[in-house]
$ cat query07.txt   # compact mmCIF, C-alpha atoms
# COMPACT_ATOMS: atom_id res chain seq x y z
CA MET F 176 25.45 16.19 -31.45
CA LYS F 177 25.89 13.54 -28.77
CA PRO F 178 23.08 11.00 -28.49
CA LEU F 179 21.98 12.12 -25.02
CA ASP F 180 21.93 15.76 -26.09
CA ARG F 181 19.55 14.82 -28.86
CA VAL F 182 17.26 13.17 -26.35
CA ARG F 183 17.52 16.27 -24.16
CA THR F 184 16.38 18.52 -27.00
CA LEU F 185 13.09 16.61 -27.06
CA ARG F 186 12.37 17.40 -23.43
CA ARG F 187 11.05 20.90 -24.05
CA ASP F 188 8.60 19.65 -26.68
CA ALA F 189 7.40 16.90 -24.39
CA ASP F 190 6.54 19.35 -21.61
CA LEU F 191 3.10 20.39 -20.43
CA GLU F 192 2.12 24.06 -20.35
CA ARG F 193 2.25 25.73 -16.95
CA GLU F 194 -1.51 26.50 -16.87
CA GLU F 195 -2.28 22.85 -17.56
CA VAL F 196 0.03 21.72 -14.79
CA GLU F 197 -1.64 24.11 -12.35
CA ARG F 198 -5.15 23.09 -13.34
CA ILE F 199 -4.43 19.37 -13.02
CA LEU F 200 -2.54 19.71 -9.74
CA ALA F 201 -5.27 21.79 -8.09
CA ARG F 202 -7.88 19.18 -8.91
CA GLU F 203 -5.70 16.16 -8.05
CA ARG F 204 -4.57 17.70 -4.77
CA ALA F 205 -8.15 18.13 -3.60
CA ARG F 206 -8.91 14.52 -4.55
CA PHE F 207 -5.79 13.21 -2.87
CA MET F 208 -6.50 15.05 0.39
CA THR F 209 -10.01 13.54 0.42
CA THR F 210 -8.47 10.10 -0.07
CA ILE F 211 -6.01 10.44 2.78
CA GLU F 212 -8.60 11.95 5.11
CA ALA F 213 -10.78 8.88 4.56
CA ALA F 214 -7.74 6.65 5.13
CA ALA F 215 -6.95 8.57 8.32
CA ARG F 216 -10.46 7.87 9.66
CA ARG F 217 -10.18 4.18 8.76
CA GLU F 218 -6.76 3.87 10.38
CA LEU F 219 -7.91 5.64 13.53
CA GLY F 220 -10.80 3.19 13.77
CA ALA F 221 -8.58 0.19 13.07
CA ARG F 222 -6.04 1.32 15.69
CA HIS F 223 -8.84 1.62 18.22
CA VAL F 224 -10.48 -1.74 17.60
CA ALA F 225 -9.12 -4.72 15.72
CA GLN F 226 -12.48 -6.47 16.00
CA ARG F 227 -15.63 -4.80 14.72
CA ILE F 228 -18.14 -6.92 16.62
CA ILE F 229 -17.46 -7.22 20.34
CA PRO F 230 -19.78 -9.11 22.71
CA GLN F 231 -20.36 -7.56 26.13
CA LEU F 232 -21.26 -9.84 29.04
CA PRO F 233 -23.10 -8.51 32.11
CA TYR F 234 -21.77 -9.52 35.56
CA HIS F 235 -22.74 -8.64 39.11
CA ASP F 236 -19.07 -8.65 40.02
CA VAL F 237 -16.90 -7.42 37.18
CA PRO F 238 -13.48 -7.78 38.91
CA ALA F 239 -14.33 -11.33 40.02
CA ALA F 240 -15.43 -12.17 36.47
CA ARG F 241 -12.19 -10.81 35.08
CA ASP F 242 -10.17 -12.87 37.56
CA PHE F 243 -12.16 -16.01 36.76
CA LEU F 244 -11.78 -15.60 32.98
CA GLU F 245 -8.04 -15.06 33.40
CA ARG F 246 -7.44 -17.90 35.80
CA VAL F 247 -9.80 -20.56 34.41
CA PHE F 248 -10.07 -19.79 30.68
CA GLY F 249 -6.68 -18.18 30.07
CA PHE F 250 -7.84 -14.69 29.04
CA THR F 251 -5.80 -11.57 29.80
CA GLU F 252 -7.20 -8.16 30.60
CA ARG F 253 -6.78 -5.70 27.74
CA HIS F 254 -4.56 -2.76 28.52
CA GLY F 255 -6.48 0.50 28.76
CA ALA F 256 -9.93 -1.13 28.92
CA ARG F 257 -10.69 -0.44 32.60
CA VAL F 258 -13.45 1.97 33.60
CA VAL F 259 -13.68 2.78 37.32
CA ASP F 260 -16.63 4.47 39.07
CA THR F 261 -15.25 7.83 40.22
CA LYS F 262 -17.40 7.83 43.39
CA THR F 263 -17.00 4.28 44.62
CA GLY F 264 -13.69 3.33 43.00
CA GLU F 265 -15.31 0.11 41.76
CA LEU F 266 -14.33 -1.49 38.46
CA VAL F 267 -17.50 -1.24 36.36
CA HIS F 268 -16.20 -2.20 32.94
CA THR F 269 -13.19 -3.89 31.39
CA ALA F 270 -12.27 -6.21 28.55
CA VAL F 271 -10.38 -9.47 28.28
CA GLU F 272 -8.74 -10.99 25.24
CA LEU F 273 -7.52 -14.31 23.96
CA HIS F 274 -5.31 -14.54 20.84
CA GLY F 275 -6.23 -10.92 20.07
CA ALA F 276 -10.01 -11.49 20.21
CA GLU F 277 -11.87 -9.45 22.78
CA VAL F 278 -14.91 -9.73 25.07
CA MET F 279 -16.17 -6.78 27.15
CA LEU F 280 -17.32 -7.21 30.72
CA GLY F 281 -19.98 -4.81 32.01
CA GLY F 282 -22.22 -4.42 35.05
CA HIS F 283 -25.43 -6.40 35.61
CA GLY F 284 -28.39 -4.31 34.41
CA GLY F 285 -26.27 -1.98 32.29
CA HIS F 286 -27.63 -1.55 28.74
CA GLY F 287 -30.61 -3.63 29.83
CA ALA F 288 -28.53 -6.82 30.02
CA SER F 289 -28.84 -9.28 32.91
CA SER F 290 -26.39 -11.73 34.39
CA PRO F 291 -27.70 -15.36 34.28
CA LYS F 292 -26.94 -15.47 38.01
CA SER F 293 -30.06 -13.40 38.74
CA GLY F 294 -31.79 -13.54 35.35
CA GLY F 295 -31.87 -17.32 35.41
CA VAL F 296 -31.69 -17.39 31.63
CA ILE F 297 -28.81 -17.95 29.26
CA SER F 298 -29.51 -16.06 26.07
CA GLN F 299 -26.24 -16.61 24.24
CA VAL F 300 -23.32 -18.98 23.83
CA LEU F 301 -19.83 -17.68 23.22
CA THR F 302 -17.69 -19.70 20.85
CA VAL F 303 -13.94 -19.43 21.36
CA TYR F 304 -11.37 -21.16 19.17
CA VAL F 305 -8.24 -22.34 20.98
CA ASP F 306 -5.18 -24.22 19.75
CA ASP F 307 -5.39 -27.14 22.20
CA VAL F 308 -8.92 -27.76 23.46
CA ASP F 309 -7.92 -30.82 25.54
CA ALA F 310 -5.43 -28.77 27.51
CA HIS F 311 -7.99 -25.98 27.88
CA HIS F 312 -10.58 -28.43 29.16
CA ALA F 313 -8.11 -29.94 31.64
CA ARG F 314 -7.23 -26.51 33.00
CA ALA F 315 -10.90 -25.46 33.38
CA ARG F 316 -11.72 -28.68 35.26
CA ALA F 317 -8.67 -28.36 37.47
CA GLU F 318 -9.83 -24.84 38.37
CA GLY F 319 -13.25 -26.22 39.34
CA ALA F 320 -15.33 -24.77 36.49
CA ARG F 321 -18.75 -26.36 35.84
CA VAL F 322 -18.35 -28.31 32.59
CA VAL F 323 -21.87 -28.85 31.20
CA GLU F 324 -20.97 -30.79 28.08
CA GLY F 325 -17.86 -32.91 27.89
CA LEU F 326 -15.21 -32.98 25.21
CA ALA F 327 -16.37 -34.47 21.91
CA ASP F 328 -15.60 -34.45 18.21
CA LYS F 329 -18.45 -32.81 16.31
CA PHE F 330 -19.84 -33.45 12.83
CA PHE F 331 -18.75 -30.00 11.63
CA GLY F 332 -15.07 -30.79 12.16
CA ASP F 333 -14.44 -29.24 15.60
CA ARG F 334 -13.62 -30.79 18.96
CA THR F 335 -15.53 -28.89 21.65
CA TYR F 336 -16.66 -28.71 25.26
CA GLU F 337 -19.10 -26.38 27.04
CA VAL F 338 -18.61 -24.76 30.40
CA LEU F 339 -20.31 -22.17 32.65
CA ASP F 340 -18.41 -19.26 34.12
CA LEU F 341 -18.81 -17.96 37.68
CA GLU F 342 -22.15 -16.27 36.99
CA GLY F 343 -23.51 -18.87 34.60
CA HIS F 344 -22.63 -17.48 31.15
CA ARG F 345 -22.15 -20.39 28.80
CA TRP F 346 -18.88 -20.75 26.88
CA ARG F 347 -18.02 -23.26 24.21
CA PHE F 348 -14.34 -23.87 23.48
CA HIS F 349 -13.44 -25.30 20.06
CA GLN F 350 -10.44 -26.68 18.27
CA ARG F 351 -10.55 -27.22 14.51
CA MET F 352 -9.71 -30.86 13.76
CA ARG F 353 -10.55 -31.27 10.07
CA ASP F 354 -12.17 -29.41 7.19
CA VAL F 355 -15.67 -30.50 6.26
CA PRO F 356 -17.12 -29.78 2.80
CA PRO F 357 -20.34 -27.71 2.96
CA GLU F 358 -22.42 -30.52 1.40
CA GLU F 359 -21.59 -32.79 4.36
CA LEU F 360 -22.81 -30.24 6.90
CA ARG F 361 -26.17 -31.83 7.74
CA TRP F 362 -27.70 -31.81 11.15
CA SER F 363 -30.92 -33.18 12.61
CA SER F 364 -32.40 -32.48 16.03
CA GLU F 365 -31.65 -36.09 16.99
CA ASP F 366 -27.96 -35.59 16.40
CA ASP F 367 -25.68 -34.60 19.14
CA GLY F 368 -24.05 -31.31 18.39
CA MET T 1120 15.19 25.57 11.54
CA SER T 1121 15.65 23.46 8.43
CA PRO T 1122 12.48 22.09 6.83
CA ALA T 1123 11.59 18.50 7.64
CA SER T 1124 12.97 15.94 5.17
CA ASP T 1125 10.59 13.76 3.19
CA ALA T 1126 11.65 10.87 5.41
CA ASP T 1127 10.58 12.89 8.49
CA VAL T 1128 7.26 13.82 6.91
CA ILE T 1129 6.55 10.21 5.93
CA GLY T 1130 7.49 9.07 9.43
CA ARG T 1131 5.04 11.56 10.91
CA SER T 1132 2.32 10.51 8.46
CA LEU T 1133 2.30 7.05 10.08
CA VAL T 1134 0.45 8.55 13.05
CA ASP T 1135 -0.94 11.62 11.27
CA PRO T 1136 -1.88 10.47 7.74
CA GLN T 1137 -2.77 13.98 6.58
CA ALA T 1138 0.86 15.02 6.98
CA PHE T 1139 1.44 13.06 3.75
CA GLY T 1140 -0.16 15.97 1.89
CA ALA T 1141 3.26 17.65 2.06
CA ILE T 1142 4.73 14.86 -0.08
CA PHE T 1143 2.14 15.64 -2.74
CA ASP T 1144 2.89 19.37 -2.50
CA ARG T 1145 6.62 18.84 -2.85
CA HIS T 1146 6.66 16.34 -5.68
CA ALA T 1147 3.36 16.23 -7.56
CA GLU T 1148 4.44 18.78 -10.16
CA ALA T 1149 7.64 16.87 -10.98
CA MET T 1150 5.69 13.59 -11.16
CA LEU T 1151 2.97 15.10 -13.35
CA ARG T 1152 5.51 16.61 -15.72
CA TYR T 1153 7.48 13.37 -15.85
CA THR T 1154 4.49 11.13 -16.55
CA ALA T 1155 3.17 13.65 -19.11
CA ARG T 1156 6.54 13.79 -20.91
CA ARG T 1157 6.52 10.04 -21.05
CA ALA T 1158 2.90 9.22 -21.85
CA GLY T 1159 1.07 12.48 -22.54
CA ARG T 1160 -1.32 14.70 -20.63
CA GLU T 1161 -4.30 12.36 -20.63
CA VAL T 1162 -2.47 9.39 -19.18
CA ALA T 1163 -0.61 11.61 -16.70
CA GLU T 1164 -3.85 13.15 -15.48
CA GLY T 1165 -5.27 9.73 -14.73
CA LEU T 1166 -2.05 8.43 -13.25
CA ILE T 1167 -1.06 11.14 -10.80
CA GLY T 1168 -3.75 10.37 -8.22
CA GLU T 1169 -3.03 6.67 -8.39
CA LEU T 1170 0.69 7.26 -8.01
CA PHE T 1171 0.28 9.21 -4.77
CA ARG T 1172 -2.35 6.82 -3.46
CA ILE T 1173 0.08 3.92 -3.94
CA ALA T 1174 2.86 5.93 -2.28
CA PHE T 1175 0.53 6.70 0.63
CA GLU T 1176 -0.43 3.05 1.04
CA ARG T 1177 3.22 1.99 0.96
CA ARG T 1178 4.45 4.69 3.32
CA LYS T 1179 5.02 2.19 6.13
CA SER T 1180 7.70 0.47 4.06
CA TYR T 1181 9.49 3.69 3.06
CA ASP T 1182 13.23 3.38 3.71
CA SER T 1183 13.85 6.36 5.99
CA SER T 1184 17.57 6.34 5.22
CA TYR T 1185 16.66 8.20 2.00
CA PRO T 1186 15.88 11.81 2.98
CA SER T 1187 14.24 12.61 -0.38
CA ALA T 1188 11.20 10.65 -1.54
CA ARG T 1189 11.62 11.68 -5.16
CA PRO T 1190 13.52 8.62 -6.46
CA TRP T 1191 10.99 6.40 -4.70
CA LEU T 1192 8.14 8.26 -6.42
CA TYR T 1193 9.89 8.03 -9.80
CA GLY T 1194 10.09 4.28 -9.22
CA ILE T 1195 6.34 4.02 -8.61
CA ALA T 1196 5.71 6.21 -11.67
CA ALA T 1197 7.97 4.04 -13.82
CA ASN T 1198 5.98 0.96 -12.79
CA LEU T 1199 2.66 2.59 -13.58
CA LEU T 1200 3.94 3.79 -16.95
CA GLN T 1201 4.64 0.21 -18.02
CA ARG T 1202 0.92 -0.20 -18.63
CA HIS T 1203 0.97 2.68 -21.10
CA ARG T 1204 3.45 1.62 -23.75
CA ARG T 1205 1.21 2.64 -26.62
CA ALA T 1206 0.46 6.07 -25.16
CA GLU T 1207 4.18 6.46 -24.65
CA ALA T 1208 4.93 5.69 -28.29
CA ARG T 1209 2.24 8.15 -29.42
CA ARG T 1210 3.63 10.84 -27.13
CA LEU T 1211 7.16 10.37 -28.46
CA ARG T 1212 6.00 10.74 -32.05
CA ALA T 1213 3.95 13.82 -31.20
CA THR T 1214 6.97 15.26 -29.41
CA ALA T 1215 9.13 14.61 -32.45
CA ARG T 1216 6.60 16.41 -34.67
CA LEU T 1217 6.66 19.43 -32.35
CA ALA T 1218 10.44 19.36 -32.30
CA ALA T 1219 10.54 19.25 -36.09
CA GLU T 1220 8.42 22.38 -36.30
CA ARG T 1221 10.54 24.23 -33.78
CA PRO T 1222 13.45 25.40 -36.03
CA ALA T 1223 10.95 27.45 -38.05
CA ARG T 1224 9.90 29.25 -34.88
CA ASP T 1225 13.35 29.47 -33.38
CA LYS T 1226 15.67 31.04 -35.96
CA ARG T 1227 18.88 30.93 -33.94
CA ARG T 1228 18.89 27.18 -33.93
CA ALA T 1229 17.84 26.75 -37.54
CA THR T 1230 21.17 25.69 -38.96
CA SER T 1231 22.17 23.15 -36.35
CA ALA T 1232 18.64 21.84 -36.23
CA ALA T 1233 18.49 21.00 -39.91
CA ASP T 1234 20.12 17.61 -39.64
CA ALA T 1235 18.57 16.91 -36.26
CA GLN T 1236 15.21 17.33 -37.92
CA LEU T 1237 16.00 14.57 -40.37
CA LEU T 1238 17.03 12.33 -37.51
CA LEU T 1239 14.02 12.94 -35.32
CA PRO T 1240 11.77 10.12 -36.55
CA ALA T 1241 14.66 7.67 -36.30
CA LEU T 1242 15.55 8.98 -32.85
CA VAL T 1243 12.09 8.49 -31.40
CA GLU T 1244 11.82 5.11 -33.05
CA ALA T 1245 15.08 4.12 -31.41
CA ILE T 1246 13.99 5.40 -27.98
CA GLU T 1247 10.74 3.51 -28.35
CA ALA T 1248 12.58 0.34 -29.30
CA LEU T 1249 14.92 0.45 -26.29
CA PRO T 1250 14.39 -2.31 -23.75
CA GLN T 1251 12.21 -1.04 -20.89
CA GLY T 1252 15.04 -0.78 -18.36
CA GLU T 1253 17.27 1.17 -20.72
CA ARG T 1254 14.50 3.58 -21.68
CA GLU T 1255 13.68 4.22 -18.01
CA ALA T 1256 17.32 4.89 -17.17
CA LEU T 1257 17.84 7.05 -20.25
CA LEU T 1258 14.81 9.27 -19.67
CA LEU T 1259 15.36 9.60 -15.92
CA TYR T 1260 18.89 10.73 -16.74
CA ALA T 1261 18.36 12.93 -19.81
CA TRP T 1262 14.92 14.39 -19.04
CA GLU T 1263 14.63 14.25 -15.25
CA GLU T 1264 18.34 14.93 -14.68
CA LEU T 1265 18.56 12.40 -11.86
CA PRO T 1266 22.03 11.33 -10.73
CA TYR T 1267 22.99 7.65 -11.14
CA GLU T 1268 22.37 6.88 -7.47
CA ALA T 1269 18.83 8.26 -7.61
CA ILE T 1270 18.07 6.31 -10.81
CA ALA T 1271 19.40 3.18 -9.13
CA SER T 1272 17.14 3.64 -6.13
CA ALA T 1273 14.13 4.55 -8.31
CA LEU T 1274 14.52 1.42 -10.45
CA ASN T 1275 15.70 -0.69 -7.53
CA VAL T 1276 18.88 -1.84 -9.29
CA PRO T 1277 22.59 -1.40 -8.44
CA VAL T 1278 24.35 1.76 -9.67
CA GLY T 1279 26.52 -0.39 -11.96
CA THR T 1280 23.38 -1.57 -13.74
CA VAL T 1281 22.28 2.02 -14.33
CA ARG T 1282 25.69 2.81 -15.78
CA SER T 1283 25.63 -0.18 -18.14
CA ARG T 1284 22.03 0.50 -19.20
CA LEU T 1285 22.92 4.08 -20.06
CA ASN T 1286 26.00 2.95 -21.97
CA ARG T 1287 23.99 0.49 -24.00
CA ALA T 1288 21.27 3.07 -24.68
CA ARG T 1289 23.92 5.58 -25.78
CA ALA T 1290 25.48 3.04 -28.11
CA ARG T 1291 22.14 2.21 -29.73
CA LEU T 1292 21.31 5.87 -30.24
CA ARG T 1293 24.76 6.62 -31.61
CA GLU T 1294 24.14 4.19 -34.45
CA LEU T 1295 21.56 6.58 -35.79
CA ASP T 1296 24.11 9.26 -36.51
CA PRO T 1297 25.72 8.81 -39.97
CA SER T 1298 28.89 10.61 -38.88
CA ASP T 1299 29.40 8.15 -36.06
CA ARG T 1300 28.69 4.97 -37.97
CA ARG T 1301 32.30 4.31 -38.79
CA THR T 1302 33.22 4.14 -35.11
CA SER T 1303 30.30 1.98 -34.16
CA SER T 1304 31.12 -1.66 -33.73
CA ARG T 1305 27.50 -2.61 -34.17
CA SER T 1306 25.50 -3.21 -37.29
CA SER T 1307 24.37 -0.06 -39.02
CA GLN T 1308 21.42 -1.46 -40.90
CA PRO T 1309 18.43 0.83 -40.72
CA GLY T 1310 16.01 -0.21 -38.05
CA SER T 1311 18.49 -2.55 -36.42
CA ALA T 1312 17.84 -1.02 -33.01
CA ARG T 1313 14.31 -2.33 -33.03
CA ARG T 1314 15.39 -5.92 -33.44
CA ARG T 1315 17.81 -5.94 -30.57
CA PRO T 1316 16.88 -7.89 -27.45
$ encode --input "query07.txt" --output "structure tokens"
Amino acid sequence: MKPLDRVRTLRRDADLEREEVERILARERARFMTTIEAAARRELGARHVAQRIIPQLPYHDVPAARDFLERVFGFTERHGARVVDTKTGELVHTAVELHGAEVMLGGHGGHGASSPKSGGVISQVLTVYVDDVDAHHARARAEGARVVEGLADKFFGDRTYEVLDLEGHRWRFHQRMRDVPPEELRWSSEDDG
Amino acid sequence: MSPASDADVIGRSLVDPQAFGAIFDRHAEAMLRYTARRAGREVAEGLIGELFRIAFERRKSYDSSYPSARPWLYGIAANLLQRHRRAEARRLRATARLAAERPARDKRRATSAADAQLLLPALVEAIEALPQGEREALLLYAWEELPYEAIASALNVPVGTVRSRLNRARARLRELDPSDRRTSSRSSQPGSARRRP
């Protein structure tokens, strides 16, 4: 007998019984379908949003805010994010992104949130990492934005500046300059930063 | 209308993940039988879900120029089986024991089986001792009846490599047969197959 024929004769004895095959496949199929259904839900979610936490800023004038953020800070409006009031035709909601990170823009008063323009209070600071903070700062100044804290190198390793947008929301633009070990991250209220 | 190829189904599963269920339905039995032949029922039972999960996760990188997914799945199975060398050795020996009992049950084959029966322990020892790549190629060819091209794509090697692996495996197994020893150019010391690189 040829060597491969000998190996072939073993095949029958290595085989599983039909009932066993059917039992195992029925169970494994059900498990597998559960697995891919869960994956389908995850993928649908991931296709819809890349970012799981998205800030939403309230503005009296959403289109003007979008234009300002595009022109002064270099954001671009996200495709498919616009919501228009069917009665008035006004843009009531949209989103802008920078390097794939997104911020939503909504109407003043919506979801109980107020624009600093009428609220008079800033309740949050948005931190945005850019690749060249000096260039970003120069552009914002050239566009007439109100810089409230000038460019400086900070103890935590970033170079930053702070600026208000058209309705007074406060933005802080950062560039990473160096890595700082956690044990060196000490701050006191007298420090600048 | 001809049924959609595996490549079509996998393509569709990129937007509709549940479509991948068809890949399980088409190939799970072959994969279960293959992994069970190689490593036994218990290992196969644990492996089959993992095999299809890995395939599902890698579906984006499936080469759609291959209409059938089966060689690709055999390749994933072969990788998973590498972690089960001991189960594989146990399965081979159990298979040989079953085969040795068979002539008693199957009278027509009794005469020709007599000498095969004597060779069985040596045969499984030799299969076990084959280098991994040769054993994969041998069993995909002799048990799964895959053509050379499919073995090559399963093991991700050129067809020429499959051919040479099968030739080497054949030569090693031929040494077991006393009637062929004269024509063998290799050493015929008992157990020599095990010591080969």
$ residues_around --input "query07.txt" --residues "F:Lys329" --least-positions-apart "5" --cutoff "12 Å" --atoms "only C-alpha atoms" --output "PDB file with C-alpha atoms, in the frame of the given file"
ATOM      1  CA  ARG F 334     -13.620 -30.790  18.960  1.00  0.00           C
ATOM      2  CA  THR F 335     -15.530 -28.890  21.650  1.00  0.00           C
ATOM      3  CA  TYR F 336     -16.660 -28.710  25.260  1.00  0.00           C
ATOM      4  CA  HIS F 349     -13.440 -25.300  20.060  1.00  0.00           C
ATOM      5  CA  GLN F 350     -10.440 -26.680  18.270  1.00  0.00           C
ATOM      6  CA  ARG F 351     -10.550 -27.220  14.510  1.00  0.00           C
ATOM      7  CA  MET F 352      -9.710 -30.860  13.760  1.00  0.00           C
ATOM      8  CA  ARG F 353     -10.550 -31.270  10.070  1.00  0.00           C
ATOM      9  CA  ASP F 354     -12.170 -29.410   7.190  1.00  0.00           C
ATOM     10  CA  VAL F 355     -15.670 -30.500   6.260  1.00  0.00           C
ATOM     11  CA  LEU F 360     -22.810 -30.240   6.900  1.00  0.00           C
ATOM     12  CA  ARG F 361     -26.170 -31.830   7.740  1.00  0.00           C
ATOM     13  CA  TRP F 362     -27.700 -31.810  11.150  1.00  0.00           C
ATOM     14  CA  ASP F 366     -27.960 -35.590  16.400  1.00  0.00           C
ATOM     15  CA  ASP F 367     -25.680 -34.600  19.140  1.00  0.00           C
ATOM     16  CA  GLY F 368     -24.050 -31.310  18.390  1.00  0.00           C
TER      17      GLY F 368
END
$ residues_around --input "query07.txt" --residues "stretch 1278-1290 of chain T" --least-positions-apart "6" --cutoff "8 Å" --atoms "all atoms listed in the file" --output "MDAnalysis selection string"
(chainID F and resid 178:179) or (chainID T and resid 1249 1252:1254 1256:1257 1267:1268 1270:1271 1303)
$ closest_atom_pairs --input "query07.txt" --of "chain T" --to "chain F" --cutoff "8 Å" --atoms "all atoms listed in the file" --output "tab-separated table"
residue	atom	partner	partner_atom	distance
T:Asp1135	CA	F:Ala215	CA	7.4
T:Pro1136	CA	F:Ala215	CA	5.4
T:Gln1137	CA	F:Ile211	CA	6.1
T:Phe1139	CA	F:Ile211	CA	8.0
T:Gly1140	CA	F:Met208	CA	6.6
T:Phe1143	CA	F:Arg204	CA	7.3
T:Asp1144	CA	F:Arg204	CA	8.0
T:Ala1147	CA	F:Leu200	CA	7.2
T:Glu1148	CA	F:Val196	CA	7.0
T:Leu1151	CA	F:Val196	CA	7.4
T:Arg1152	CA	F:Leu191	CA	6.5
T:Ala1155	CA	F:Leu191	CA	6.9
T:Arg1156	CA	F:Ala189	CA	4.7
T:Arg1157	CA	F:Ala189	CA	7.7
T:Gly1159	CA	F:Ala189	CA	7.9
T:Arg1160	CA	F:Leu191	CA	7.2
T:Glu1164	CA	F:Ile199	CA	6.7
T:Ile1167	CA	F:Glu203	CA	7.4
T:Gly1168	CA	F:Glu203	CA	6.1
T:Phe1171	CA	F:Phe207	CA	7.5
T:Arg1172	CA	F:Phe207	CA	7.3
T:Phe1175	CA	F:Ile211	CA	7.8
T:Arg1210	CA	F:Ala189	CA	7.6
T:Leu1211	CA	F:Ala189	CA	7.7
T:Thr1214	CA	F:Ala189	CA	5.3
T:Ala1215	CA	F:Leu185	CA	7.0
T:Leu1217	CA	F:Asp188	CA	6.0
T:Ala1218	CA	F:Asp188	CA	5.9
T:Ala1235	CA	F:Arg181	CA	7.8
T:Leu1242	CA	F:Val182	CA	7.9
T:Ala1261	CA	F:Arg183	CA	5.5
T:Trp1262	CA	F:Arg186	CA	5.9
T:Arg1289	CA	F:Pro178	CA	6.1
T:Leu1292	CA	F:Pro178	CA	5.7
T:Arg1293	CA	F:Pro178	CA	5.6
$ closest_residue --input "query07.txt" --among "T:Val1276, T:Ala1141, T:Leu1295, T:Ile1173" --to "T:Leu1238" --atoms "all atoms listed in the file"
T:Leu1295
$ axis_aligned_box --input "query07.txt" --around "stretch 188-195 of chain F" --padding-each-side "5 Å" --output "AutoDock Vina command-line options"
--center_x 3.2 --center_y 21.7 --center_z -21.8 --size_x 20.9 --size_y 19.6 --size_z 19.8
$ atom_distance --input "query07.txt" --atom1 "atom CA of F:Pro238" --atom2 "atom CA of F:Ala276"
19.4 Å
$ atom_distance --input "query07.txt" --atom1 "atom CA of F:Gly332" --atom2 "atom CA of F:Glu359"
10.4 Å
$ residues_near_point --input "query07.txt" --point "(-15.7, -6.0, 37.8)" --cutoff "12 Å" --atoms "all atoms listed in the file" --output "PyMOL selection string"
chain F and resi 232-244+252+256-260+264-271+279-283
$ write_last_selection --input "query07.txt" --atoms "C-alpha atoms" --output "PDB file, in the coordinates of the input"
ATOM      1  CA  LEU F 232     -21.260  -9.840  29.040  1.00  0.00           C
ATOM      2  CA  PRO F 233     -23.100  -8.510  32.110  1.00  0.00           C
ATOM      3  CA  TYR F 234     -21.770  -9.520  35.560  1.00  0.00           C
ATOM      4  CA  HIS F 235     -22.740  -8.640  39.110  1.00  0.00           C
ATOM      5  CA  ASP F 236     -19.070  -8.650  40.020  1.00  0.00           C
ATOM      6  CA  VAL F 237     -16.900  -7.420  37.180  1.00  0.00           C
ATOM      7  CA  PRO F 238     -13.480  -7.780  38.910  1.00  0.00           C
ATOM      8  CA  ALA F 239     -14.330 -11.330  40.020  1.00  0.00           C
ATOM      9  CA  ALA F 240     -15.430 -12.170  36.470  1.00  0.00           C
ATOM     10  CA  ARG F 241     -12.190 -10.810  35.080  1.00  0.00           C
ATOM     11  CA  ASP F 242     -10.170 -12.870  37.560  1.00  0.00           C
ATOM     12  CA  PHE F 243     -12.160 -16.010  36.760  1.00  0.00           C
ATOM     13  CA  LEU F 244     -11.780 -15.600  32.980  1.00  0.00           C
ATOM     14  CA  GLU F 252      -7.200  -8.160  30.600  1.00  0.00           C
ATOM     15  CA  ALA F 256      -9.930  -1.130  28.920  1.00  0.00           C
ATOM     16  CA  ARG F 257     -10.690  -0.440  32.600  1.00  0.00           C
ATOM     17  CA  VAL F 258     -13.450   1.970  33.600  1.00  0.00           C
ATOM     18  CA  VAL F 259     -13.680   2.780  37.320  1.00  0.00           C
ATOM     19  CA  ASP F 260     -16.630   4.470  39.070  1.00  0.00           C
ATOM     20  CA  GLY F 264     -13.690   3.330  43.000  1.00  0.00           C
ATOM     21  CA  GLU F 265     -15.310   0.110  41.760  1.00  0.00           C
ATOM     22  CA  LEU F 266     -14.330  -1.490  38.460  1.00  0.00           C
ATOM     23  CA  VAL F 267     -17.500  -1.240  36.360  1.00  0.00           C
ATOM     24  CA  HIS F 268     -16.200  -2.200  32.940  1.00  0.00           C
ATOM     25  CA  THR F 269     -13.190  -3.890  31.390  1.00  0.00           C
ATOM     26  CA  ALA F 270     -12.270  -6.210  28.550  1.00  0.00           C
ATOM     27  CA  VAL F 271     -10.380  -9.470  28.280  1.00  0.00           C
ATOM     28  CA  MET F 279     -16.170  -6.780  27.150  1.00  0.00           C
ATOM     29  CA  LEU F 280     -17.320  -7.210  30.720  1.00  0.00           C
ATOM     30  CA  GLY F 281     -19.980  -4.810  32.010  1.00  0.00           C
ATOM     31  CA  GLY F 282     -22.220  -4.420  35.050  1.00  0.00           C
ATOM     32  CA  HIS F 283     -25.430  -6.400  35.610  1.00  0.00           C
TER      33      HIS F 283
END
$ closest_residue --input "query07.txt" --among "T:Ser1187, T:Ser1124, T:Ser1272, T:Gln1201" --to "T:Leu1166" --atoms "all atoms listed in the file"
T:Gln1201
$ residues_near_point --input "query07.txt" --point "(-14.3, -35.9, 25.5)" --cutoff "10 Å" --atoms "all atoms listed in the file" --output "NGL selection string"
:F and (308-309 or 312 or 324-328 or 334-336)
$ residues_around --input "query07.txt" --residues "F:Ala315" --least-positions-apart "5" --cutoff "9 Å" --atoms "only C-alpha atoms" --output "PyMOL selection string"
chain F and resi 246-248+310+320-322+338
$ atom_distance --input "query07.txt" --atom1 "atom CA of T:Leu1133" --atom2 "atom CA of F:His274"
25.3 Å
